[in-house]
Structures are given as C-alpha cells and as structure tokens.
file model.txt (compact mmCIF, C-alpha atoms)
# COMPACT_ATOMS: atom_id res chain seq x y z
CA MET A 17 -0.62 27.95 -47.95
CA ASP A 18 -1.39 27.45 -44.23
CA ASP A 19 -5.09 27.71 -44.95
CA LYS A 20 -4.92 24.87 -47.45
CA LYS A 21 -3.02 22.68 -45.00
CA GLU A 22 -5.67 23.39 -42.39
CA ILE A 23 -8.47 22.43 -44.76
CA ILE A 24 -6.75 19.21 -45.81
CA LYS A 25 -6.05 18.32 -42.19
CA ASN A 26 -9.68 18.80 -41.23
CA PHE A 27 -10.83 16.82 -44.26
CA LYS A 28 -8.60 13.89 -43.30
CA LEU A 29 -9.93 14.04 -39.74
CA PHE A 30 -13.49 14.02 -41.02
CA ILE A 31 -12.92 11.00 -43.27
CA ARG A 32 -11.16 9.13 -40.50
CA SER A 33 -14.00 9.67 -37.98
CA ALA A 34 -16.78 9.03 -40.45
CA PHE A 35 -15.42 5.72 -41.76
CA ASP A 36 -13.08 4.34 -39.18
CA PHE A 37 -15.14 2.11 -36.92
CA LYS A 38 -12.16 1.16 -34.81
CA GLU A 39 -11.92 4.80 -33.74
CA ASN A 40 -15.37 4.29 -32.25
CA SER A 41 -16.02 7.84 -31.15
CA MET A 42 -19.48 6.85 -30.07
CA TYR A 43 -17.97 4.70 -27.38
CA HIS A 44 -16.20 7.68 -25.88
CA ILE A 45 -19.28 9.86 -25.91
CA LYS A 46 -21.31 7.07 -24.36
CA LYS A 47 -18.73 6.60 -21.63
CA GLU A 48 -18.65 10.29 -20.89
CA ALA A 49 -22.46 10.35 -20.79
CA TYR A 50 -22.51 7.49 -18.30
CA ASP A 51 -19.84 9.18 -16.20
CA GLU A 52 -21.79 12.42 -16.07
CA MET A 53 -24.98 10.58 -15.12
CA ASP A 54 -23.08 8.70 -12.44
CA ASN A 55 -21.64 11.93 -11.09
CA PHE A 56 -25.09 13.40 -10.93
CA MET A 57 -26.37 10.37 -9.05
CA LEU A 58 -23.40 10.67 -6.72
CA LEU A 59 -24.43 14.22 -5.82
CA CYS A 60 -27.93 12.96 -5.10
CA PHE A 61 -27.35 9.71 -3.31
CA GLY A 62 -23.77 9.98 -2.11
CA ASP A 63 -24.87 9.55 1.48
CA MET A 64 -25.83 5.97 0.74
CA LEU A 65 -22.17 5.34 -0.04
CA GLY A 66 -20.98 7.20 3.01
CA ILE A 67 -20.45 10.64 1.46
CA PRO A 68 -22.41 13.21 3.45
CA VAL A 69 -24.72 15.11 1.14
CA PRO A 70 -26.76 17.98 2.58
CA THR A 71 -29.70 17.56 0.26
CA SER A 72 -30.19 13.83 0.77
CA TYR A 73 -33.71 14.15 2.18
CA TYR A 74 -34.90 16.04 -0.89
CA MET A 75 -33.15 13.67 -3.26
CA LEU A 76 -35.30 10.81 -2.06
CA GLU A 77 -38.18 12.06 -4.20
CA LEU A 78 -35.99 11.49 -7.26
CA LEU A 79 -35.49 7.83 -6.39
CA PRO A 80 -38.50 6.48 -8.31
CA TYR A 81 -37.11 7.93 -11.54
CA LEU A 82 -33.54 6.80 -10.99
CA ALA A 83 -34.25 3.54 -9.20
CA GLU A 84 -33.85 1.27 -12.22
CA ASP A 85 -30.21 2.08 -12.67
CA PHE A 86 -29.34 2.08 -8.99
CA GLU A 87 -27.55 -1.25 -8.93
CA GLY A 88 -25.52 -0.45 -12.03
CA TRP A 89 -24.63 2.92 -10.60
CA GLU A 90 -23.39 1.49 -7.33
CA ARG A 91 -21.32 -1.05 -9.21
CA ARG A 92 -19.75 1.57 -11.48
CA ILE A 93 -18.97 3.92 -8.61
CA MET A 94 -17.31 1.15 -6.64
CA ALA A 95 -15.28 0.27 -9.75
CA ARG A 96 -13.97 3.83 -9.80
CA LYS A 97 -11.97 3.10 -6.70
CA SER A 98 -9.12 1.91 -8.89
CA VAL A 99 -7.83 4.70 -11.12
CA TYR A 100 -5.92 2.20 -13.23
CA GLY A 101 -8.95 -0.03 -13.67
CA ASP A 102 -10.95 2.92 -14.92
CA ARG A 103 -8.43 4.33 -17.35
CA TRP A 104 -7.03 1.01 -18.57
CA GLY A 105 -10.35 0.34 -20.17
CA ASP A 106 -9.93 3.49 -22.24
CA PHE A 107 -6.69 2.33 -23.70
CA CYS A 108 -7.12 -1.32 -24.36
CA CYS A 109 -10.76 -1.94 -25.22
CA MET B 13 -43.82 43.52 14.97
CA ASN B 14 -44.52 41.99 11.62
CA LYS B 15 -47.08 39.38 10.73
CA LEU B 16 -44.81 36.36 11.14
CA VAL B 17 -43.00 36.32 14.48
CA PHE B 18 -40.32 33.73 15.17
CA PHE B 19 -39.21 33.11 18.74
CA GLY B 20 -35.71 31.69 19.13
CA GLY B 21 -33.28 31.09 21.93
CA LYS B 22 -31.18 28.66 23.90
CA GLY B 23 -32.95 25.65 25.34
CA GLY B 24 -34.68 26.39 28.64
CA VAL B 25 -34.69 30.20 28.51
CA GLY B 26 -38.44 30.47 28.17
CA LYS B 27 -39.12 30.56 24.44
CA THR B 28 -42.32 28.62 24.70
CA THR B 29 -43.56 30.73 27.60
CA SER B 30 -42.72 33.94 25.76
CA SER B 31 -44.19 32.89 22.44
CA SER B 32 -47.34 31.62 24.16
CA ALA B 33 -47.69 34.84 26.15
CA TYR B 34 -47.18 36.90 23.02
CA ALA B 35 -49.73 34.85 21.08
CA TYR B 36 -52.15 35.31 24.00
CA TYR B 37 -51.52 39.05 23.94
CA CYS B 38 -52.23 39.23 20.20
CA ALA B 39 -55.40 37.17 20.56
CA GLU B 40 -56.63 39.41 23.40
CA LYS B 41 -56.10 42.43 21.18
CA GLY B 42 -58.49 40.89 18.70
CA GLU B 43 -55.96 39.49 16.22
CA LYS B 44 -56.69 36.06 14.83
CA THR B 45 -53.50 34.33 15.91
CA LEU B 46 -51.92 31.03 14.97
CA LEU B 47 -49.32 29.66 17.36
CA VAL B 48 -47.04 27.08 15.72
CA SER B 49 -44.54 24.95 17.57
CA THR B 50 -41.59 23.27 15.92
CA ASP B 51 -40.06 22.30 19.22
CA PRO B 52 -39.69 18.54 19.63
CA ALA B 53 -40.09 18.93 23.38
CA HIS B 54 -43.85 19.57 23.01
CA SER B 55 -43.82 22.19 25.77
CA LEU B 56 -46.81 23.93 24.24
CA CYS B 57 -49.06 21.09 25.38
CA ASP B 58 -47.69 21.45 28.90
CA ILE B 59 -48.46 25.16 29.13
CA PHE B 60 -51.96 25.05 27.69
CA GLU B 61 -52.77 21.66 29.19
CA ARG B 62 -54.32 20.62 25.91
CA LYS B 63 -53.37 17.99 23.41
CA ILE B 64 -51.96 19.95 20.47
CA GLY B 65 -51.19 17.98 17.35
CA SER B 66 -50.74 18.49 13.66
CA LYS B 67 -54.32 19.68 13.14
CA ILE B 68 -55.11 23.26 14.06
CA ILE B 69 -57.18 23.53 17.22
CA GLU B 70 -58.77 26.52 18.93
CA LEU B 71 -57.31 27.21 22.38
CA LYS B 72 -59.52 30.18 23.10
CA GLU B 73 -61.17 32.96 21.17
CA ASN B 74 -58.82 34.17 18.40
CA LEU B 75 -56.07 31.83 19.51
CA PHE B 76 -55.32 28.75 17.42
CA SER B 77 -52.44 26.36 17.64
CA LEU B 78 -50.69 23.39 16.10
CA GLU B 79 -47.50 21.41 16.62
CA ILE B 80 -45.33 20.12 13.81
CA ASP B 81 -44.29 16.51 14.36
CA PRO B 82 -41.11 15.80 12.36
CA GLU B 83 -41.61 12.04 12.37
CA GLU B 84 -45.13 12.33 11.07
CA GLU B 85 -44.02 14.72 8.34
CA SER B 86 -41.06 12.71 7.11
CA GLN B 87 -43.15 9.53 7.19
CA ALA B 88 -45.79 11.20 5.03
CA TYR B 89 -43.11 12.34 2.58
CA ILE B 90 -41.57 8.88 2.35
CA ASN B 91 -44.97 7.22 1.92
CA ASN B 92 -45.75 9.57 -0.92
CA ILE B 93 -42.54 8.60 -2.67
CA LYS B 94 -43.34 4.92 -2.19
CA LYS B 95 -46.74 5.45 -3.71
CA ASN B 96 -45.19 7.20 -6.74
CA MET B 97 -42.69 4.43 -7.20
CA LYS B 98 -45.29 1.73 -7.68
CA ASP B 99 -46.43 3.46 -10.85
CA ILE B 100 -42.98 3.89 -12.29
CA VAL B 101 -40.72 1.05 -11.29
CA SER B 102 -40.91 -2.76 -11.42
CA PRO B 103 -41.98 -4.56 -8.18
CA VAL B 104 -38.59 -6.21 -7.71
CA ILE B 105 -36.81 -2.87 -7.53
CA VAL B 106 -39.57 -1.34 -5.40
CA LYS B 107 -38.73 -3.70 -2.51
CA GLU B 108 -35.05 -2.75 -2.67
CA ILE B 109 -35.69 0.97 -2.78
CA GLU B 110 -38.29 0.82 0.00
CA ARG B 111 -35.54 -0.43 2.28
CA GLN B 112 -33.37 2.55 1.34
CA LEU B 113 -36.25 4.94 1.93
CA ASP B 114 -37.04 3.59 5.38
CA ALA B 115 -33.40 3.90 6.37
CA ALA B 116 -33.25 7.45 5.04
CA ALA B 117 -36.24 8.55 7.10
CA VAL B 118 -34.28 8.24 10.32
CA SER B 119 -31.06 9.83 9.12
CA PRO B 120 -29.92 13.09 10.76
CA GLY B 121 -31.09 16.16 8.92
CA SER B 122 -34.27 14.58 7.65
CA ASP B 123 -36.17 15.76 10.74
CA GLU B 124 -35.15 19.36 10.19
CA SER B 125 -35.93 19.22 6.49
CA ALA B 126 -39.34 17.70 7.19
CA VAL B 127 -40.15 20.38 9.78
CA PHE B 128 -38.92 23.09 7.45
CA ASP B 129 -41.14 21.90 4.61
CA LYS B 130 -44.21 21.74 6.83
CA LEU B 131 -43.50 25.15 8.35
CA MET B 132 -43.20 26.76 4.93
CA GLU B 133 -46.37 25.01 3.82
CA ILE B 134 -48.23 26.34 6.86
CA ILE B 135 -46.96 29.86 6.34
CA ILE B 136 -47.90 29.87 2.67
CA ASP B 137 -51.29 28.24 3.16
CA TYR B 138 -52.45 30.17 6.22
CA GLU B 139 -50.83 33.56 5.86
CA LYS B 140 -54.05 35.03 4.47
CA ASP B 141 -56.30 33.46 7.11
CA TYR B 142 -54.59 34.88 10.20
CA ASP B 143 -53.63 38.33 11.44
CA ARG B 144 -50.60 36.97 13.24
CA ILE B 145 -48.54 33.79 13.06
CA VAL B 146 -46.29 33.13 16.04
CA ILE B 147 -43.67 30.43 15.64
CA ASP B 148 -42.03 28.79 18.62
CA THR B 149 -38.82 27.23 17.37
CA ALA B 150 -36.50 24.55 18.65
CA PRO B 151 -33.35 25.48 20.57
CA THR B 152 -30.94 27.74 18.72
CA GLY B 153 -28.81 25.23 16.79
CA HIS B 154 -31.80 23.55 15.21
CA THR B 155 -33.41 26.84 14.36
CA LEU B 156 -30.32 28.26 12.73
CA ARG B 157 -29.98 25.19 10.56
CA LEU B 158 -33.66 25.36 9.74
CA LEU B 159 -33.60 28.99 8.66
CA SER B 160 -30.39 28.66 6.70
CA LEU B 161 -31.73 25.75 4.65
CA PRO B 162 -32.93 27.80 1.68
CA GLU B 163 -29.64 29.66 1.43
CA LEU B 164 -27.57 26.48 1.64
CA LEU B 165 -29.69 24.34 -0.60
CA GLY B 166 -30.18 26.99 -3.25
CA GLY B 167 -26.62 26.55 -4.46
CA TRP B 168 -26.90 22.78 -4.42
CA MET B 169 -30.08 22.80 -6.46
CA ASP B 170 -28.44 24.92 -9.13
CA ARG B 171 -25.48 22.58 -9.31
CA LEU B 172 -27.67 19.51 -9.53
CA ILE B 173 -29.84 20.96 -12.27
CA GLU B 174 -26.76 21.97 -14.23
CA LYS B 175 -25.28 18.49 -13.89
CA ARG B 176 -28.48 16.76 -14.88
CA MET B 177 -28.88 18.88 -18.00
CA LYS B 178 -25.30 18.24 -19.05
CA ALA B 179 -25.69 14.52 -18.45
CA MET B 180 -28.92 14.40 -20.46
CA GLU B 181 -27.31 16.28 -23.35
CA LEU B 182 -24.41 13.85 -23.47
CA TYR B 183 -26.78 10.93 -23.21
CA GLU B 184 -28.72 12.25 -26.14
CA MET B 185 -25.58 12.53 -28.23
CA ALA B 186 -24.55 9.01 -27.25
CA THR B 187 -27.80 7.35 -28.17
CA ARG B 188 -28.14 9.25 -31.44
CA GLU B 189 -31.88 9.79 -31.07
CA ASP B 190 -33.58 11.74 -33.78
CA LYS B 191 -35.73 13.59 -31.28
CA LYS B 192 -34.53 17.06 -30.48
CA MET B 193 -32.48 17.35 -27.29
CA LYS B 194 -34.67 20.15 -26.02
CA ASN B 195 -37.76 17.97 -25.97
CA VAL B 196 -36.21 15.23 -23.91
CA ILE B 197 -34.84 17.68 -21.37
CA GLU B 198 -38.24 19.30 -21.08
CA ARG B 199 -39.88 15.98 -20.41
CA ASP B 200 -37.29 14.76 -17.90
CA PRO B 201 -39.16 14.10 -14.65
CA VAL B 202 -35.98 14.41 -12.59
CA LEU B 203 -35.35 17.91 -13.89
CA SER B 204 -38.92 18.97 -13.27
CA LYS B 205 -38.75 17.69 -9.67
CA LEU B 206 -35.45 19.50 -9.13
CA ASN B 207 -36.80 22.72 -10.59
CA GLU B 208 -39.91 22.43 -8.44
CA ARG B 209 -37.80 21.98 -5.33
CA LYS B 210 -35.62 24.92 -6.31
CA ARG B 211 -38.69 27.08 -6.77
CA LYS B 212 -39.94 26.14 -3.30
CA MET B 213 -36.57 26.96 -1.75
CA GLU B 214 -36.51 30.33 -3.41
CA GLN B 215 -40.01 31.05 -2.25
CA ALA B 216 -39.00 30.10 1.31
CA ARG B 217 -35.92 32.30 1.11
CA GLU B 218 -38.00 35.26 -0.04
CA ILE B 219 -40.41 34.82 2.83
CA LEU B 220 -37.76 34.45 5.54
CA THR B 221 -35.72 37.43 4.41
CA ASP B 222 -38.70 39.72 3.89
CA GLY B 223 -38.09 42.43 6.46
CA ASP B 224 -41.71 43.57 6.25
CA LEU B 225 -43.20 40.15 6.79
CA VAL B 226 -40.97 38.48 9.38
CA SER B 227 -39.86 39.52 12.84
CA PHE B 228 -37.37 37.50 14.80
CA VAL B 229 -37.43 37.67 18.58
CA PHE B 230 -34.62 36.18 20.62
CA VAL B 231 -35.26 35.06 24.17
CA LEU B 232 -32.50 34.99 26.75
CA ASN B 233 -31.86 34.99 30.48
CA PRO B 234 -29.55 37.55 32.13
CA GLU B 235 -26.81 34.95 32.48
CA LYS B 236 -23.47 34.43 30.82
CA LEU B 237 -24.13 31.50 28.49
CA PRO B 238 -27.45 32.66 27.06
CA ILE B 239 -25.94 36.08 26.38
CA GLU B 240 -22.98 34.62 24.52
CA GLU B 241 -25.19 32.31 22.53
CA THR B 242 -27.51 35.18 21.65
CA LYS B 243 -24.63 37.30 20.37
CA LYS B 244 -23.47 34.49 18.08
CA ALA B 245 -26.97 33.62 16.92
CA VAL B 246 -27.83 37.21 16.06
CA ASP B 247 -24.63 37.48 14.01
CA THR B 248 -25.30 34.22 12.19
CA LEU B 249 -28.88 35.18 11.38
CA GLU B 250 -27.64 38.53 10.16
CA LYS B 251 -25.47 36.65 7.66
CA TYR B 252 -28.56 34.93 6.29
CA LYS B 253 -30.22 38.35 6.07
CA ILE B 254 -32.61 37.64 8.94
CA HIS B 255 -32.73 40.59 11.31
CA VAL B 256 -33.36 40.24 15.02
CA ASN B 257 -35.02 43.43 16.25
CA THR B 258 -36.34 42.38 19.63
CA LEU B 259 -34.88 40.59 22.61
CA ILE B 260 -36.84 39.21 25.50
CA ILE B 261 -34.93 39.05 28.75
CA ASN B 262 -36.78 36.44 30.73
CA ARG B 263 -36.84 35.40 34.38
CA ILE B 264 -35.66 38.63 35.93
CA LEU B 265 -35.43 38.42 39.71
CA PRO B 266 -37.71 40.70 41.71
CA ASP B 267 -36.12 43.82 43.17
CA ASN B 268 -36.94 43.05 46.77
CA VAL B 269 -34.85 39.91 47.24
CA GLU B 270 -33.88 38.91 50.76
CA GLY B 271 -30.77 37.20 52.01
CA LYS B 272 -27.14 37.35 51.02
CA PHE B 273 -27.47 34.60 48.43
CA TRP B 274 -30.22 36.33 46.48
CA GLU B 275 -28.70 39.78 46.85
CA ASN B 276 -25.53 38.45 45.24
CA ARG B 277 -27.52 36.88 42.44
CA LYS B 278 -29.41 40.12 41.92
CA LYS B 279 -26.15 42.05 41.72
CA LEU B 280 -24.81 39.59 39.15
CA GLU B 281 -28.02 39.83 37.21
CA ASN B 282 -27.83 43.61 37.11
CA LYS B 283 -24.34 43.35 35.70
CA TYR B 284 -25.59 41.11 32.90
CA LEU B 285 -28.60 43.32 32.27
CA LYS B 286 -26.25 46.23 31.78
CA GLU B 287 -24.16 44.17 29.36
CA ILE B 288 -27.24 43.28 27.36
CA GLU B 289 -28.39 46.88 27.24
CA GLU B 290 -25.01 48.06 26.04
CA TYR B 291 -24.31 45.35 23.48
CA PHE B 292 -27.81 45.26 22.03
CA SER B 293 -28.48 48.96 22.31
CA ASN B 294 -30.10 49.08 18.88
CA LYS B 295 -32.72 46.48 19.70
CA ASN B 296 -36.05 46.50 21.54
CA LEU B 297 -35.63 44.94 24.94
CA ILE B 298 -38.55 43.45 26.82
CA LYS B 299 -37.99 42.41 30.41
CA ILE B 300 -40.15 39.66 31.84
CA PRO B 301 -39.96 38.79 35.53
CA LEU B 302 -39.49 35.42 37.10
CA ILE B 303 -42.87 34.44 38.50
CA ASP B 304 -43.33 32.36 41.60
CA GLU B 305 -45.30 29.54 40.01
CA ASP B 306 -45.36 27.38 36.87
CA VAL B 307 -46.47 29.09 33.72
CA LYS B 308 -49.91 27.88 32.80
CA ILE B 309 -52.70 29.39 30.79
CA ASP B 310 -53.95 31.28 33.90
CA ASN B 311 -50.86 33.39 34.40
CA LEU B 312 -50.14 33.81 30.68
CA LYS B 313 -52.46 36.79 30.87
CA HIS B 314 -50.21 38.38 33.48
CA ILE B 315 -47.04 37.84 31.42
CA SER B 316 -48.67 38.94 28.19
CA LYS B 317 -49.06 42.46 29.63
CA TYR B 318 -45.31 43.00 29.19
CA PHE B 319 -45.72 42.89 25.43
CA GLY B 320 -47.72 46.07 25.59
CA GLU B 321 -44.37 47.84 25.46
CA ILE B 322 -43.72 46.86 21.86
CA SER B 323 -45.10 49.17 19.25
CA ASP B 324 -46.96 47.37 16.51
call {"tool": "encode", "arguments": {"input": "model.txt", "output": "structure tokens"}}
result
Amino acid sequence: MDDKKEIIKNFKLFIRSAFDFKENSMYHIKKEAYDEMDNFMLLCFGDMLGIPVPTSYYMLELLPYLAEDFEGWERRIMARKSVYGDRWGDFCC
Amino acid sequence: MNKLVFFGGKGGVGKTTSSSAYAYYCAEKGEKTLLVSTDPAHSLCDIFERKIGSKIIELKENLFSLEIDPEEESQAYINNIKKNMKDIVSPVIVKEIERQLDAAAVSPGSDESAVFDKLMEIIIDYEKDYDRIVIDTAPTGHTLRLLSLPELLGGWMDRLIEKRMKAMELYEMATREDKKMKNVIERDPVLSKLNERKRKMEQAREILTDGDLVSFVFVLNPEKLPIEETKKAVDTLEKYKIHVNTLIINRILPDNVEGKFWENRKKLENKYLKEIEEYFSNKNLIKIPLIDEDVKIDNLKHISKYFGEISD
C-alpha cells in the first residue's frame, strides 16, 4: 500500500511542477545559478571589495572573460548585505 | 650540491656575496653558470660593477647573470591582459577594467607573484642550457612566501575550479540550452585559464620539492638574531618539503684580534659558532671570514675558495 501512495505522491508532484507556472521552478534554479556565479567571482575578485584574497594577482587574467558582468556582480554582492532583502525576494516575488 | 641552488637568509648577512662567490666558484670549475637575483635591492650590480637587468648578460667566461625586476614583470603581465581584453570586451567596459588592472598592479603580493612566475619561467626555460643555476633570493620573509606559493595556491585553484564548474552546470540548467553541459564546460575560457594556472603551480611545486634538483643554502652570521631566524626559516621550509642541507656562516672574525673590545666579540662569536654547530649538526657548515675590504669581483675569487669544502 505504501508503494502505491509513494507513486501517487510523486505523480502529483510531477504534474504540479510540469504545469504550474506560478511554482516557477526555473526561477529558483536561475537564482541559484547566479548566486553560485557570484560566489565564484567573489573568490576571484573579493579583494576589490575589501576581502583579502591570496590569488588576486592570478585572477586578473580572468578579468577579460568576466568583465561584462562586473557591474551587475558588484551590485548583487552589495545587495547581499541585507539578509532580509535577499530572502524576502524568495518569498514574495 | 644540486643543479639549482637557492641562497636565502636574513637581510644583510651576505647572501649576495655568498651566492656570487659560489657562482664564481662554479664558473671557474668550468660549469656554465647562471646567477639569478630576485632581490629588490639590486646588490648584484654593486658587487660586479655591471648593469645587470632582465636580459642575460655574460659577466665572465662561464658566468652569466640576470636580475628579475618585479615591476617590469607585473607590468608585462597586466599589459598582456589589457591586450587580450580588447578582443573580448566592448570598449566602454575596457576603460573601466583598465583602471582596476592598474590599481591591482601595485597591490601587495603582486610583486612576489610576478617574481615567482618569472623565476619559474627562467628555471624551466634555461635548466637545459646551464650546468648550474644559482638563485640569490630576497630577505627571508619574502623568500618563504615566494617558495610557499605553489603549496598555498594549489588548494585555492582546486576550490575555484570546483566552484566554476558547479556554477556553469547550474547556469546550463537555468538557461535550458539544448547543447550538452559537457561541451560548454570544455569551451569555458575561464576554466581553461584556471586549469592552466593550476598546472603551472603543480609544475613549480614539483621543481621546488625535488630533492635531486634543488639545494637550499641558508646564510647567517654568528649572531643571535640571524641564528634564531635561521632556525625558524629552516623549520618552515621543512614544512613545505624544501630541505636546507648547507649553512654558510659569514663574516667570521679573524683569530688574531687585538684589544679588549674585539677579544670580547671573538669570545661571543665562538659561543654562537658552537651553538650553530650543535643545533645544525646534521648540516654542512661553511665558514667564510670577514674580509677587510668591500666585496667586489676582485676578491670574489678569494672567497670562492671556501666552497671547495662542499662535495659536489
């Protein structure tokens, strides 16, 4: 009996995610992707925001490839200062 | 002594004199010798009374030399990045980033990284062309940081590569591309640069910890502070798997000193000599006397005779 319940539960979950646009799982994945990218950039260029990073000299050669998103990155990192501001977005929008 | 010989020590103990004398000794023996200085004080030029720059010059038969200029090296690195950028990024952003790059060139740590890169490049490029490469390093602190770079950065590189791959995977999922994830990661220029850098660090680490390729000689004076610093430095290098086998005790007073003042100093010196012999009993000790004039290329020959004691 438990097996059947499990299958039905998974089926419902599948239908919900596949057809419920409000759920918007893509949004969450996108946000996580951006966060990971931002974290990576933080490890590379943290010293420009005052966080001492030992490899900063070697990270400079990555700048040409990451330069385009630099402004956006700085903006998003600064926005992280407020924990509420960051997480509120998850819940309301 | 192995093919690559590093000379380290506290500032002012006579590293440059010792490394120059040793290089002279090797050249006299018929070994094609390259003497490299990473010391920002440019003392090598003062001893040989020649202008020594970043291009290899011949000082005398079998003896070649060059000095690594950190500013020149980091400038070249930055300029190369700027050149790359023009092909990849729009002109508006280029201006912004060029500002960042210029500021970064003068930040602490960039000098040491620049010197390290050039030193490794020299070792890799010229190892086959010379019988001996003698490296005069900057005062202890700088040198320790320099030599520990591969060990320290290795971990960072791994972490960065891991992070980048994870980020790219997520990004792929988020943008729902049809292309396979593997392809995009393979073509990511950031990852390839990081992997290249990691490879270079590993190569450097292999070279520096190769007990059959590298010898590390520490220079000290028979005085309290140099001895203490040497003890700490040897321990630290040991941790990075770099073994110090030889110590040069420089500026030893002559035996026939006159006057109460000098007799006292000689007594003190003997005490320190004994301490060095006891503490570093498992190392080769070379004693070089204090000479009564400035060290120039003329009396290098005289000092170089003391290296005859080391077995090759």
call {"tool": "closest_residue", "arguments": {"input": "model.txt", "among": "B:Ile64, B:Ala116, B:Val48, B:Val146", "to": "chain A", "atoms": "all atoms listed in the file"}}
result
B:Ala116
call {"tool": "residues_around", "arguments": {"input": "model.txt", "residues": "stretch 301-309 of chain B", "least_positions_apart": "4", "cutoff": "10 Å", "atoms": "only C-alpha atoms", "output": "VMD selection string"}}
result
chain B and resid 26 28 to 29 32 to 33 36 56 58 to 61 71 261 to 267 313 to 315 318
call {"tool": "atom_distance", "arguments": {"input": "model.txt", "atom1": "atom CA of B:Tyr142", "atom2": "atom CA of B:Leu161"}}
result
25.2 Å
call {"tool": "atom_distance", "arguments": {"input": "model.txt", "atom1": "atom CA of B:Ala150", "atom2": "atom CA of B:Ile80"}}
result
11.0 Å
call {"tool": "interface_residues", "arguments": {"input": "model.txt", "of": "chain B", "to": "chain A", "cutoff": "8 Å", "atoms": "only C-alpha atoms", "output": "MDAnalysis selection string"}}
result
chainID B and resid 90 93:94 96:97 100:101 105 109 113 116:117 121:122 125 165 168 172 175:176 178:180 182:183 185:187 201:202 205 209
call {"tool": "write_last_selection", "arguments": {"input": "model.txt", "atoms": "C-alpha atoms", "output": "PDB file, keeping the file's coordinate frame"}}
result
ATOM      1  CA  ILE B  90     -41.570   8.880   2.350  1.00  0.00           C
ATOM      2  CA  ILE B  93     -42.540   8.600  -2.670  1.00  0.00           C
ATOM      3  CA  LYS B  94     -43.340   4.920  -2.190  1.00  0.00           C
ATOM      4  CA  ASN B  96     -45.190   7.200  -6.740  1.00  0.00           C
ATOM      5  CA  MET B  97     -42.690   4.430  -7.200  1.00  0.00           C
ATOM      6  CA  ILE B 100     -42.980   3.890 -12.290  1.00  0.00           C
ATOM      7  CA  VAL B 101     -40.720   1.050 -11.290  1.00  0.00           C
ATOM      8  CA  ILE B 105     -36.810  -2.870  -7.530  1.00  0.00           C
ATOM      9  CA  ILE B 109     -35.690   0.970  -2.780  1.00  0.00           C
ATOM     10  CA  LEU B 113     -36.250   4.940   1.930  1.00  0.00           C
ATOM     11  CA  ALA B 116     -33.250   7.450   5.040  1.00  0.00           C
ATOM     12  CA  ALA B 117     -36.240   8.550   7.100  1.00  0.00           C
ATOM     13  CA  GLY B 121     -31.090  16.160   8.920  1.00  0.00           C
ATOM     14  CA  SER B 122     -34.270  14.580   7.650  1.00  0.00           C
ATOM     15  CA  SER B 125     -35.930  19.220   6.490  1.00  0.00           C
ATOM     16  CA  LEU B 165     -29.690  24.340  -0.600  1.00  0.00           C
ATOM     17  CA  TRP B 168     -26.900  22.780  -4.420  1.00  0.00           C
ATOM     18  CA  LEU B 172     -27.670  19.510  -9.530  1.00  0.00           C
ATOM     19  CA  LYS B 175     -25.280  18.490 -13.890  1.00  0.00           C
ATOM     20  CA  ARG B 176     -28.480  16.760 -14.880  1.00  0.00           C
ATOM     21  CA  LYS B 178     -25.300  18.240 -19.050  1.00  0.00           C
ATOM     22  CA  ALA B 179     -25.690  14.520 -18.450  1.00  0.00           C
ATOM     23  CA  MET B 180     -28.920  14.400 -20.460  1.00  0.00           C
ATOM     24  CA  LEU B 182     -24.410  13.850 -23.470  1.00  0.00           C
ATOM     25  CA  TYR B 183     -26.780  10.930 -23.210  1.00  0.00           C
ATOM     26  CA  MET B 185     -25.580  12.530 -28.230  1.00  0.00           C
ATOM     27  CA  ALA B 186     -24.550   9.010 -27.250  1.00  0.00           C
ATOM     28  CA  THR B 187     -27.800   7.350 -28.170  1.00  0.00           C
ATOM     29  CA  PRO B 201     -39.160  14.100 -14.650  1.00  0.00           C
ATOM     30  CA  VAL B 202     -35.980  14.410 -12.590  1.00  0.00           C
ATOM     31  CA  LYS B 205     -38.750  17.690  -9.670  1.00  0.00           C
ATOM     32  CA  ARG B 209     -37.800  21.980  -5.330  1.00  0.00           C
TER      33      ARG B 209
END
call {"tool": "residues_around", "arguments": {"input": "model.txt", "residues": "B:Lys279", "least_positions_apart": "2", "cutoff": "12 Å", "atoms": "only C-alpha atoms", "output": "list of chain:residue names"}}
result
B:Pro234, B:Glu235, B:Ile264, B:Leu265, B:Pro266, B:Asp267, B:Asn268, B:Val269, B:Lys272, B:Phe273, B:Trp274, B:Glu275, B:Asn276, B:Arg277, B:Glu281, B:Asn282, B:Lys283, B:Tyr284, B:Leu285, B:Lys286
call {"tool": "closest_residue", "arguments": {"input": "model.txt", "among": "B:Ile219, B:Val246, B:Ala88, B:Ala39", "to": "B:Glu70", "atoms": "only C-alpha atoms"}}
result
B:Ala39
call {"tool": "residues_around", "arguments": {"input": "model.txt", "residues": "stretch 212-214 of chain B", "least_positions_apart": "4", "cutoff": "9 Å", "atoms": "all atoms listed in the file", "output": "PDB file with C-alpha atoms, in the coordinates of the input"}}
result
ATOM      1  CA  MET B 132     -43.200  26.760   4.930  1.00  0.00           C
ATOM      2  CA  LEU B 161     -31.730  25.750   4.650  1.00  0.00           C
ATOM      3  CA  PRO B 162     -32.930  27.800   1.680  1.00  0.00           C
ATOM      4  CA  GLU B 163     -29.640  29.660   1.430  1.00  0.00           C
ATOM      5  CA  LEU B 165     -29.690  24.340  -0.600  1.00  0.00           C
ATOM      6  CA  GLY B 166     -30.180  26.990  -3.250  1.00  0.00           C
ATOM      7  CA  ASN B 207     -36.800  22.720 -10.590  1.00  0.00           C
ATOM      8  CA  GLU B 208     -39.910  22.430  -8.440  1.00  0.00           C
ATOM      9  CA  GLU B 218     -38.000  35.260  -0.040  1.00  0.00           C
ATOM     10  CA  ILE B 219     -40.410  34.820   2.830  1.00  0.00           C
TER      11      ILE B 219
END
call {"tool": "atom_distance", "arguments": {"input": "model.txt", "atom1": "atom CA of B:Leu297", "atom2": "atom CA of B:Leu259"}}
result
5.0 Å
call {"tool": "residues_around", "arguments": {"input": "model.txt", "residues": "B:Phe230", "least_positions_apart": "2", "cutoff": "7 Å", "atoms": "only C-alpha atoms", "output": "list in words"}}
result
Phe19, Gly20, Gly21, Phe228, Leu232, Thr258, Leu259 and Ile260 of chain B
call {"tool": "write_last_selection", "arguments": {"input": "model.txt", "atoms": "C-alpha atoms", "output": "PDB file, in the coordinates of the input"}}
result
ATOM      1  CA  PHE B  19     -39.210  33.110  18.740  1.00  0.00           C
ATOM      2  CA  GLY B  20     -35.710  31.690  19.130  1.00  0.00           C
ATOM      3  CA  GLY B  21     -33.280  31.090  21.930  1.00  0.00           C
ATOM      4  CA  PHE B 228     -37.370  37.500  14.800  1.00  0.00           C
ATOM      5  CA  LEU B 232     -32.500  34.990  26.750  1.00  0.00           C
ATOM      6  CA  THR B 258     -36.340  42.380  19.630  1.00  0.00           C
ATOM      7  CA  LEU B 259     -34.880  40.590  22.610  1.00  0.00           C
ATOM      8  CA  ILE B 260     -36.840  39.210  25.500  1.00  0.00           C
TER       9      ILE B 260
END
